[in-house]
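Asker: My structure file data05.csv, CSV, C-alpha atoms, is below:
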```
chain,number,residue,atom,x,y,z
A,11,LEU,CA,0.0,0.0,0.0
A,12,GLY,CA,3.0,2.3,-0.1
A,13,ASP,CA,3.2,2.7,3.6
A,14,ASP,CA,7.0,3.0,4.5
A,15,ASP,CA,6.6,3.9,8.1
A,16,PRO,CA,9.8,2.8,9.9
A,17,LEU,CA,7.7,1.2,12.7
A,18,TRP,CA,6.5,-1.4,10.2
A,19,LEU,CA,9.7,-1.7,8.1
A,20,SER,CA,12.3,-2.0,10.9
A,21,GLY,CA,10.5,-1.5,14.2
A,22,GLY,CA,9.0,-5.0,14.4
A,23,HIS,CA,5.4,-4.0,14.6
A,24,ALA,CA,2.5,-4.9,12.3
A,25,PRO,CA,0.3,-2.1,10.9
A,26,PRO,CA,-2.8,-2.0,13.2
A,27,ALA,CA,-5.3,-1.3,10.4
A,28,MET,CA,-4.3,-4.6,8.8
A,29,ILE,CA,-5.5,-6.7,11.8
A,30,GLN,CA,-8.2,-8.3,9.6
A,31,VAL,CA,-5.7,-9.4,7.0
A,32,TRP,CA,-4.0,-11.9,9.4
A,33,SER,CA,-7.3,-13.8,9.7
A,34,MET,CA,-8.3,-13.8,6.0
A,35,LEU,CA,-8.6,-17.3,4.5
A,36,GLY,CA,-6.1,-18.3,1.8
A,37,LEU,CA,-7.2,-18.9,-1.8
A,38,GLY,CA,-9.2,-22.1,-1.8
A,39,ALA,CA,-9.0,-22.6,2.0
A,40,PRO,CA,-12.0,-24.3,3.5
A,41,LYS,CA,-14.6,-22.2,5.4
A,42,SER,CA,-14.0,-22.0,9.1
A,43,GLY,CA,-17.7,-21.9,10.1
A,44,SER,CA,-18.2,-18.5,11.6
A,45,GLY,CA,-21.4,-17.4,13.3
A,46,GLY,CA,-22.7,-15.6,10.3
A,47,ASP,CA,-22.2,-18.3,7.7
A,48,ALA,CA,-25.7,-19.8,8.1
A,49,VAL,CA,-27.2,-16.3,7.4
A,50,LEU,CA,-25.0,-15.7,4.4
A,51,ARG,CA,-25.8,-19.1,3.0
A,52,VAL,CA,-29.5,-18.5,3.3
A,53,LEU,CA,-29.1,-15.1,1.5
A,54,ASP,CA,-27.1,-16.8,-1.2
A,55,GLU,CA,-29.7,-19.4,-1.7
A,56,SER,CA,-32.4,-16.7,-2.0
A,57,GLY,CA,-30.6,-14.9,-4.8
A,58,TYR,CA,-28.7,-12.3,-2.7
A,59,THR,CA,-25.3,-13.4,-4.0
A,60,GLY,CA,-23.7,-10.0,-4.5
A,61,VAL,CA,-21.6,-8.7,-1.6
A,62,VAL,CA,-19.9,-5.4,-0.9
A,63,ALA,CA,-18.4,-4.2,2.4
A,64,THR,CA,-20.0,-1.0,3.8
A,65,ASN,CA,-18.6,-0.4,7.3
A,66,CYS,CA,-15.6,-1.3,9.4
A,67,GLU,CA,-14.8,-0.2,12.9
A,68,GLN,CA,-11.6,-1.4,14.5
A,69,VAL,CA,-10.3,-0.8,18.1
A,70,TYR,CA,-6.7,-1.5,18.9
A,71,ASP,CA,-5.7,-2.5,22.5
A,72,ARG,CA,-2.0,-2.6,21.4
A,73,TYR,CA,0.1,-3.0,18.3
A,74,VAL,CA,1.1,-6.6,17.6
A,75,ARG,CA,4.6,-7.6,16.8
A,76,HIS,CA,6.2,-9.7,14.0
A,77,GLY,CA,6.2,-13.3,15.0
A,78,GLU,CA,3.2,-13.3,17.4
A,79,ARG,CA,0.6,-16.0,16.8
A,80,LEU,CA,-2.9,-14.6,17.1
A,81,HIS,CA,-6.3,-16.4,17.4
A,82,SER,CA,-9.7,-14.9,16.9
A,83,THR,CA,-13.4,-15.3,17.7
A,84,MET,CA,-16.3,-14.2,15.7
A,85,ARG,CA,-19.9,-13.5,16.7
A,86,PHE,CA,-22.9,-12.7,14.5
A,87,ASP,CA,-24.5,-9.4,15.4
A,88,GLY,CA,-27.6,-9.0,13.2
A,89,ILE,CA,-29.3,-8.6,9.9
A,90,ALA,CA,-31.3,-5.6,8.6
A,91,GLY,CA,-33.5,-5.4,5.6
A,92,PRO,CA,-34.6,-5.7,2.9
A,93,LYS,CA,-33.3,-2.3,2.0
A,94,LYS,CA,-33.4,-0.4,-1.3
A,95,THR,CA,-29.8,0.7,-2.1
A,96,ALA,CA,-28.0,2.0,-5.2
A,97,MET,CA,-26.8,-1.6,-5.8
A,98,GLY,CA,-30.4,-2.9,-5.6
A,99,GLU,CA,-32.4,-4.7,-2.9
A,100,GLY,CA,-30.3,-6.2,-0.2
A,101,TYR,CA,-29.7,-7.0,3.5
A,102,PHE,CA,-27.0,-5.6,5.8
A,103,VAL,CA,-25.2,-8.3,7.7
A,104,THR,CA,-23.1,-7.4,10.7
A,105,TRP,CA,-20.6,-9.3,12.9
A,106,TYR,CA,-17.8,-8.8,15.4
A,107,GLN,CA,-14.4,-10.3,15.3
A,108,THR,CA,-11.9,-10.2,18.3
A,109,TRP,CA,-8.2,-11.1,18.2
A,110,TYR,CA,-6.2,-12.4,21.1
A,111,ASP,CA,-2.5,-13.1,21.7
A,112,GLU,CA,-1.0,-16.3,23.0
A,113,ASN,CA,-1.9,-15.3,26.6
A,114,ASP,CA,-5.5,-14.8,25.6
A,115,SER,CA,-5.2,-11.1,26.1
A,116,ARG,CA,-7.3,-9.1,23.6
A,117,VAL,CA,-5.3,-7.1,21.1
A,118,ALA,CA,-8.1,-5.8,18.8
A,119,GLU,CA,-11.8,-5.9,18.0
A,120,MET,CA,-13.7,-5.2,14.8
A,121,LEU,CA,-17.3,-4.5,13.7
A,122,PHE,CA,-17.7,-5.5,10.1
A,123,ARG,CA,-20.8,-4.9,7.9
A,124,VAL,CA,-21.5,-6.1,4.4
A,125,LEU,CA,-24.4,-5.6,2.0
A,126,LYS,CA,-25.7,-8.8,0.5
A,127,PHE,CA,-27.7,-7.9,-2.6
A,128,ILE,CA,-29.2,-9.3,-5.8
A,129,PRO,CA,-26.8,-8.8,-8.7
A,130,ARG,CA,-28.3,-7.0,-11.6
A,131,GLY,CA,-28.2,-10.0,-13.9
A,132,ASP,CA,-29.8,-12.3,-11.3
A,133,ARG,CA,-32.7,-10.2,-10.1
A,134,LYS,CA,-35.3,-12.5,-11.5
A,135,ARG,CA,-34.2,-15.0,-8.8
A,136,ALA,CA,-35.4,-12.7,-6.1
A,137,SER,CA,-38.4,-13.7,-4.0
A,138,SER,CA,-39.8,-10.1,-3.9
A,139,ASN,CA,-41.2,-9.6,-7.4
A,140,SER,CA,-37.8,-9.7,-9.1
A,141,GLY,CA,-36.6,-6.8,-7.0
A,142,LYS,CA,-39.1,-4.4,-8.6
A,143,TYR,CA,-40.8,-1.7,-6.4
A,144,PRO,CA,-44.4,-2.9,-6.4
A,145,LEU,CA,-46.0,0.6,-7.1
A,146,GLN,CA,-45.0,1.4,-10.6
A,147,PRO,CA,-46.2,4.5,-12.5
A,148,ALA,CA,-48.2,4.3,-15.7
A,149,ILE,CA,-45.9,5.7,-18.4
A,150,GLY,CA,-47.4,6.7,-21.8
A,151,PRO,CA,-46.6,9.1,-24.7
A,152,ASP,CA,-47.7,12.2,-22.6
A,153,THR,CA,-45.5,11.4,-19.5
A,154,ALA,CA,-42.5,9.6,-20.9
A,155,PHE,CA,-40.5,12.8,-21.1
A,156,PHE,CA,-41.1,13.4,-17.4
A,157,TRP,CA,-39.7,10.0,-16.3
A,158,ASP,CA,-36.8,10.2,-18.8
A,159,GLY,CA,-35.9,13.4,-17.1
A,160,VAL,CA,-36.0,12.0,-13.6
A,161,LYS,CA,-33.6,9.2,-14.7
A,162,ALA,CA,-31.3,12.0,-16.1
A,163,GLY,CA,-31.6,13.9,-12.8
A,164,GLU,CA,-33.9,16.6,-14.1
A,165,LEU,CA,-37.4,17.7,-13.1
A,166,ARG,CA,-39.1,18.4,-16.4
A,167,ILE,CA,-42.3,20.5,-16.7
A,168,GLN,CA,-44.4,20.2,-19.8
A,169,ARG,CA,-44.7,23.5,-21.8
A,170,CYS,CA,-46.9,24.6,-24.6
A,171,ALA,CA,-44.8,25.1,-27.7
A,172,ASP,CA,-47.1,27.8,-29.0
A,173,CYS,CA,-48.1,30.0,-26.0
A,174,GLY,CA,-45.4,28.9,-23.5
A,175,ALA,CA,-47.8,28.0,-20.7
A,176,LEU,CA,-46.5,25.4,-18.2
A,177,ARG,CA,-48.7,22.6,-17.0
A,178,HIS,CA,-48.5,19.6,-14.6
A,179,PRO,CA,-49.6,16.9,-14.7
A,180,PRO,CA,-48.7,16.5,-18.4
A,181,GLY,CA,-51.4,16.2,-21.0
A,182,PRO,CA,-52.0,16.1,-24.7
A,183,MET,CA,-53.5,19.6,-25.1
A,184,CYS,CA,-52.7,23.0,-23.7
A,185,PRO,CA,-55.6,24.2,-21.4
A,186,SER,CA,-54.8,27.8,-22.3
A,187,CYS,CA,-54.7,27.9,-26.1
A,188,HIS,CA,-55.7,24.3,-26.9
A,189,SER,CA,-52.5,23.7,-28.9
A,190,LEU,CA,-51.3,20.1,-29.4
A,191,LYS,CA,-47.7,21.2,-29.7
A,192,ARG,CA,-45.6,20.7,-26.6
A,193,ASP,CA,-42.1,20.6,-25.3
A,194,TYR,CA,-40.7,21.0,-21.8
A,195,THR,CA,-38.5,23.1,-19.5
A,196,VAL,CA,-36.3,22.0,-16.7
A,197,ALA,CA,-37.4,23.2,-13.3
A,198,SER,CA,-35.0,24.6,-10.6
A,199,GLY,CA,-36.1,21.9,-8.2
A,200,ARG,CA,-37.1,24.5,-5.5
A,201,GLY,CA,-40.5,25.3,-4.2
A,202,GLU,CA,-42.6,25.4,-1.0
A,203,VAL,CA,-45.3,23.3,0.6
A,204,HIS,CA,-48.7,24.3,-0.6
A,205,SER,CA,-50.6,21.7,1.4
A,206,TYR,CA,-49.9,18.3,2.9
A,207,VAL,CA,-51.2,15.2,4.8
A,208,VAL,CA,-49.6,12.9,7.2
A,209,HIS,CA,-50.1,9.3,6.1
A,210,HIS,CA,-50.6,6.9,9.1
A,211,HIS,CA,-52.4,4.0,7.4
A,212,PRO,CA,-52.5,1.7,5.4
A,213,PRO,CA,-48.9,0.5,5.1
A,214,VAL,CA,-47.1,1.5,1.9
A,215,PRO,CA,-44.2,-0.7,0.5
A,216,GLY,CA,-40.8,0.9,1.2
A,217,ARG,CA,-42.2,3.5,3.6
A,218,LYS,CA,-41.9,3.8,7.3
A,219,LEU,CA,-45.1,5.1,8.9
A,220,PRO,CA,-46.0,7.9,9.4
A,221,PHE,CA,-44.8,9.9,6.4
A,222,VAL,CA,-45.8,13.2,4.7
A,223,VAL,CA,-47.3,13.6,1.3
A,224,ALA,CA,-47.3,17.2,0.1
A,225,VAL,CA,-48.5,19.3,-2.8
A,226,VAL,CA,-45.4,21.5,-3.6
A,227,GLU,CA,-45.7,24.7,-5.5
A,228,LEU,CA,-42.6,25.1,-7.7
A,229,GLU,CA,-40.8,28.4,-8.3
A,230,GLU,CA,-42.1,28.0,-11.9
A,231,GLY,CA,-45.7,28.2,-10.7
A,232,VAL,CA,-47.0,24.7,-11.2
A,233,ARG,CA,-47.8,22.2,-8.4
A,234,MET,CA,-46.5,18.7,-7.9
A,235,VAL,CA,-47.2,15.9,-5.4
A,236,GLY,CA,-44.4,14.1,-3.6
A,237,ASN,CA,-43.3,12.8,-0.2
A,238,ILE,CA,-41.3,15.0,2.2
A,239,ASN,CA,-38.2,13.2,3.2
A,240,ASP,CA,-35.5,14.0,5.8
A,241,CYS,CA,-37.9,15.9,8.0
A,242,PRO,CA,-40.1,14.8,11.0
A,243,SER,CA,-43.8,15.0,10.1
A,244,GLU,CA,-44.5,17.4,13.0
A,245,GLU,CA,-42.0,19.9,11.5
A,246,VAL,CA,-43.6,20.1,8.1
A,247,HIS,CA,-45.7,23.2,7.6
A,248,VAL,CA,-47.5,25.1,4.8
A,249,GLY,CA,-45.0,27.6,3.2
A,250,MET,CA,-41.9,25.5,4.1
A,251,PRO,CA,-39.2,25.9,1.5
A,252,VAL,CA,-38.2,22.6,-0.1
A,253,LYS,CA,-35.9,21.2,-2.7
A,254,LEU,CA,-35.9,18.3,-5.0
A,255,THR,CA,-34.4,14.9,-4.0
A,256,LEU,CA,-34.3,11.8,-6.2
A,257,GLU,CA,-35.1,8.5,-4.5
A,258,GLN,CA,-34.0,5.3,-6.2
A,259,MET,CA,-36.8,2.7,-5.7
A,260,ASP,CA,-35.4,-0.1,-7.9
A,261,GLU,CA,-33.0,-0.4,-10.8
A,262,ASP,CA,-35.4,1.3,-13.2
A,263,LEU,CA,-37.6,3.6,-11.1
A,264,THR,CA,-36.5,6.9,-9.6
A,265,LEU,CA,-39.1,9.1,-7.8
A,266,PRO,CA,-38.9,12.8,-7.4
A,267,GLN,CA,-39.4,13.7,-3.7
A,268,TRP,CA,-38.8,16.7,-1.5
A,269,ALA,CA,-36.7,17.7,1.5
A,270,PRO,CA,-36.4,20.9,3.6
A,271,LEU,CA,-34.3,23.4,1.7
A,272,ASN,CA,-31.8,23.8,4.5
A,273,THR,CA,-30.9,20.1,4.5
A,274,PRO,CA,-27.8,19.5,2.3
A,275,ALA,CA,-28.5,16.8,-0.3
A,276,GLU,CA,-24.9,16.1,-1.0
A,277,PRO,CA,-21.4,17.1,0.3
A,278,GLU,CA,-20.3,20.6,-0.7
A,279,PRO,CA,-17.6,20.5,-3.4
A,280,VAL,CA,-14.1,21.1,-2.3
A,281,ALA,CA,-13.2,24.8,-2.8
A,282,ASP,CA,-10.2,25.7,-5.0
A,283,GLU,CA,-8.4,27.1,-2.0
A,284,ALA,CA,-8.8,23.9,0.0
A,285,PRO,CA,-5.5,22.3,1.1
A,286,PRO,CA,-4.0,19.7,-1.2
A,287,PRO,CA,-4.7,16.0,-0.5
A,288,ILE,CA,-2.3,14.3,1.9
A,289,LEU,CA,-2.3,11.3,-0.5
A,290,GLU,CA,-3.1,11.0,-4.2
A,291,ILE,CA,-3.2,7.5,-5.7
A,292,ASP,CA,-3.8,6.4,-9.3
A,293,LEU,CA,-6.1,3.4,-9.1
A,294,THR,CA,-4.6,1.4,-12.0
A,295,PRO,CA,-6.0,-2.1,-12.5
A,296,THR,CA,-2.6,-3.3,-11.2
A,297,PHE,CA,-3.1,-1.4,-8.0
A,298,VAL,CA,-6.7,-2.6,-7.4
A,299,ILE,CA,-5.8,-6.2,-8.1
A,300,ALA,CA,-2.4,-6.2,-6.3
A,301,THR,CA,-3.7,-4.6,-3.1
A,302,ALA,CA,-6.7,-7.0,-2.9
A,303,LEU,CA,-4.2,-9.9,-3.2
A,304,ALA,CA,-1.9,-8.4,-0.7
A,305,THR,CA,-4.7,-8.2,1.8
A,306,ARG,CA,-5.7,-11.8,1.1
A,307,ASP,CA,-9.1,-10.7,-0.4
A,308,PHE,CA,-9.8,-13.0,-3.4
A,309,THR,CA,-13.4,-11.8,-4.0
A,310,PRO,CA,-13.8,-11.7,-7.8
A,311,VAL,CA,-15.2,-8.2,-7.9
A,312,HIS,CA,-11.7,-6.9,-7.1
A,313,HIS,CA,-9.8,-8.7,-9.9
A,314,ASP,CA,-12.3,-10.0,-12.5
A,315,THR,CA,-13.9,-7.2,-14.6
A,316,ALA,CA,-16.6,-9.5,-16.2
A,317,LEU,CA,-17.8,-10.8,-12.8
A,318,ALA,CA,-17.7,-7.3,-11.3
A,319,ARG,CA,-19.9,-6.0,-14.2
A,320,ALA,CA,-22.3,-9.0,-13.8
A,321,GLN,CA,-22.8,-7.9,-10.2
A,322,GLY,CA,-23.8,-4.4,-11.2
A,323,SER,CA,-20.4,-2.6,-11.0
A,324,LYS,CA,-18.8,-0.8,-14.0
A,325,ASP,CA,-15.4,-2.3,-13.3
A,326,ILE,CA,-13.2,-3.8,-10.6
A,327,PHE,CA,-12.9,-1.7,-7.4
A,328,VAL,CA,-10.7,-1.2,-4.4
A,329,ASN,CA,-11.5,-3.5,-1.4
A,330,ILE,CA,-12.3,-2.3,2.1
A,331,LEU,CA,-9.1,-3.7,3.6
A,332,THR,CA,-7.1,-1.5,1.2
A,333,SER,CA,-9.2,1.5,2.1
A,334,MET,CA,-8.5,0.9,5.8
A,335,GLY,CA,-4.8,0.7,5.1
A,336,LEU,CA,-4.8,3.9,3.1
A,337,VAL,CA,-6.8,5.7,5.9
A,338,GLN,CA,-4.1,4.6,8.4
A,339,ARG,CA,-1.4,5.8,6.0
A,340,ALA,CA,-3.1,9.2,5.6
A,341,ALA,CA,-3.6,9.6,9.3
A,342,LEU,CA,0.0,8.8,10.2
A,343,ALA,CA,1.3,11.1,7.4
A,344,THR,CA,-0.7,13.9,9.0
A,345,VAL,CA,0.4,13.1,12.6
A,346,PRO,CA,3.7,11.2,12.4
A,347,GLY,CA,4.5,9.0,15.4
A,348,ALA,CA,0.9,9.0,16.7
A,349,VAL,CA,-0.3,5.7,18.2
A,350,LEU,CA,-3.6,4.6,16.8
A,351,GLU,CA,-6.5,3.6,19.1
A,352,ARG,CA,-9.4,3.3,16.7
A,353,ILE,CA,-10.4,3.6,13.1
A,354,ASP,CA,-14.1,3.9,12.0
A,355,VAL,CA,-14.6,3.6,8.2
A,356,ARG,CA,-17.8,4.0,6.1
A,357,LEU,CA,-17.6,3.4,2.4
A,358,GLY,CA,-19.5,5.5,-0.1
A,359,ALA,CA,-18.9,5.7,-3.9
A,360,PRO,CA,-16.9,2.7,-5.3
A,361,ALA,CA,-13.2,3.4,-6.1
A,362,TYR,CA,-13.1,1.9,-9.6
A,363,ALA,CA,-10.0,1.0,-11.6
A,364,GLY,CA,-9.0,4.0,-13.8
A,365,ASP,CA,-10.0,6.6,-11.3
A,366,THR,CA,-7.8,8.6,-8.8
A,367,LEU,CA,-8.3,8.5,-5.0
A,368,ARG,CA,-7.4,11.6,-3.1
A,369,LEU,CA,-7.3,11.5,0.7
A,370,TYR,CA,-7.8,14.7,2.8
A,371,THR,CA,-7.4,15.0,6.6
A,372,GLU,CA,-8.8,17.4,9.2
A,373,ARG,CA,-7.8,17.7,12.8
A,374,LEU,CA,-10.9,17.7,15.0
A,375,ASP,CA,-9.1,17.8,18.3
A,376,GLY,CA,-5.9,16.6,19.9
A,377,THR,CA,-6.9,12.9,19.7
A,378,THR,CA,-9.3,12.8,16.7
A,379,LEU,CA,-8.7,13.1,13.0
A,380,LYS,CA,-11.2,13.0,10.1
A,381,VAL,CA,-10.1,11.4,6.9
A,382,ARG,CA,-12.0,11.7,3.6
A,383,GLY,CA,-11.1,9.9,0.4
A,384,ALA,CA,-12.7,11.2,-2.8
A,385,VAL,CA,-13.0,9.8,-6.3
A,386,SER,CA,-14.7,11.2,-9.4
A,387,LEU,CA,-18.1,9.7,-8.3
A,388,GLY,CA,-17.9,11.4,-4.8
A,389,ASP,CA,-16.6,10.4,-1.4
A,390,HIS,CA,-15.3,6.8,-1.5
A,391,VAL,CA,-14.5,6.7,2.2
A,392,THR,CA,-15.2,8.8,5.3
A,393,ALA,CA,-13.3,7.8,8.5
A,394,THR,CA,-12.7,8.9,12.0
A,395,VAL,CA,-9.3,8.1,13.4
A,396,ARG,CA,-8.6,8.3,17.2
A,397,PHE,CA,-5.1,8.4,18.8
A,398,LYS,CA,-4.4,7.0,22.3
A,399,GLU,CA,-3.2,10.4,23.6
A,400,PRO,CA,-2.9,13.9,22.2
A,401,ALA,CA,-0.4,14.1,19.4
```
If you took the structure in this file and wrote it as structure tokens, what would it be?
Answerer:
Amino acid sequence: LGDDDPLWLSGGHAPPAMIQVWSMLGLGAPKSGSGGDAVLRVLDESGYTGVVATNCEQVYDRYVRHGERLHSTMRFDGIAGPKKTAMGEGYFVTWYQTWYDENDSRVAEMLFRVLKFIPRGDRKRASSNSGKYPLQPAIGPDTAFFWDGVKAGELRIQRCADCGALRHPPGPMCPSCHSLKRDYTVASGRGEVHSYVVHHHPPVPGRKLPFVVAVVELEEGVRMVGNINDCPSEEVHVGMPVKLTLEQMDEDLTLPQWAPLNTPAEPEPVADEAPPPILEIDLTPTFVIATALATRDFTPVHHDTALARAQGSKDIFVNILTSMGLVQRAALATVPGAVLERIDVRLGAPAYAGDTLRLYTERLDGTTLKVRGAVSLGDHVTATVRFKEPA
């Protein structure tokens, strides 16, 4: 991973963020029978054969030294789902692993979470209507432009091509001049709540009750119905400023929804005057494959392009063990000589081969550091690193 810290090279210590590597099975090694294997097997048999890591939290009691023989225990924590994600429908599976030395003293503990999902090519095998959201809109000649726009990230409003009047819902004839000629304009995605109801019953697929359904008056003057997300129902009020959000319901359906205008929909872009990254790494195919092998991760999505694409990815991508190691490298490059106590990592956008990973760090206090790794698709990794004492 390019980490040339003298503590690893000549100091006799093993990098703490690589604790999981020492317990990874070799290529072709028999399964060890961990607590979560039965759950993973049931998900595989039900069509949820895709897997991608999402979270890793490691706590280090002490650094281990070269030559020590460790043993570990594993306990299954839980399963959550089904959830609609960018990868498709899936379940989040969590377990804990703990490492001990030869005296049975704990040296490290880890929470690890993966998403088990239905690969794009296998979604007909799913038990929940092939992974389709059950409430599908009726799309015809008059409304296709609207749904095509949503897929493209635009909120399109039908416009009369003769008098310019805007109308929603779309229709075949202009109610103002009765022209049959029509095109569309792209809305700003901002408006305010004109009226709303709080839905308590009956249950709606994919929705947690209660939720708010609102009529939103757009800046352009037309009104549109949608749910209010990211806001408790008791805080919604008539006149509340809102902005467009796009909610992925299944692989084909995206719904336009609304959120309070003061809720950021995505991270703010890094300003030109922001400090340069602490690390910048070209994610060549060689780097992606070699680091996966170096961390004893033989999952095909990290080295087989065809299998990665069959699972719904556009290419092979960096594995989470490599991301953990790079977070450690960035943290110790920022605070040389610090002793790591904990690393909490959450993965976001995939770091695909051919991209560039840039890692930025920010001191939060004397013992806490924030690490952010960005690729062209957005933030690949966000992490909090804690040191044992102020550094």
Asker: Taking all atoms listed in the file into account, name the residue in A:Arg200, A:Phe102, A:Pro213, A:Pro266 that is nearest to Gly163 in chain A.
Answerer: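 Smallest separation from Gly163 in chain A among the options: A:Pro266.
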Asker: Measuring between all atoms listed in the file, which one of A:Leu125, A:Val103, A:Ala63, A:Cys170 shows the shortest distance to Val328 in chain A?
Answerer: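 Closest residue, counting all atoms listed in the file: A:Ala63.
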Asker: Could you check the closest approach to Val62 in chain A for each of A:Glu230, A:Thr377, A:Ala300, A:His312 and tell me which residue wins, using only C-alpha atoms?
Answerer: A:His312
Asker: If we count all atoms listed in the file and set the cut-off at 6 Å, which residues sit around Ala384 in chain A, ignoring sequence neighbours fewer than 2 positions away in its own chain? Please answer as a PyMOL selection string.
Answerer: chain A and resi 367-368+388-390
Asker: So what do you get for CA of Lys253 in chain A versus CA of Gly91 in chain A, distance-wise?
Answerer: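 The value is 28.0 Å.
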Asker: Identify, on the basis of all atoms listed in the file, every residue whose closest approach to Glu372 in chain A does not exceed 12 Å; exclude the query and any residue fewer than 5 positions from it along the same chain; express the result as a list of chain:residue names.
Answerer: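 Those residues are A:Ala284, A:Pro285, A:Pro286, A:Pro287, A:Ile288, A:Ala340, A:Ala341, A:Thr344, A:Val345, A:Thr377, A:Thr378, A:Leu379, A:Lys380, A:Val381, A:Arg382, A:Gly383, A:Thr392, A:Ala393, A:Thr394, A:Val395.
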Asker: Figure out the distance between CA of Val124 in chain A and CA of Val61 in chain A, please, to one decimal in Å.
Answerer: 6.5 Å
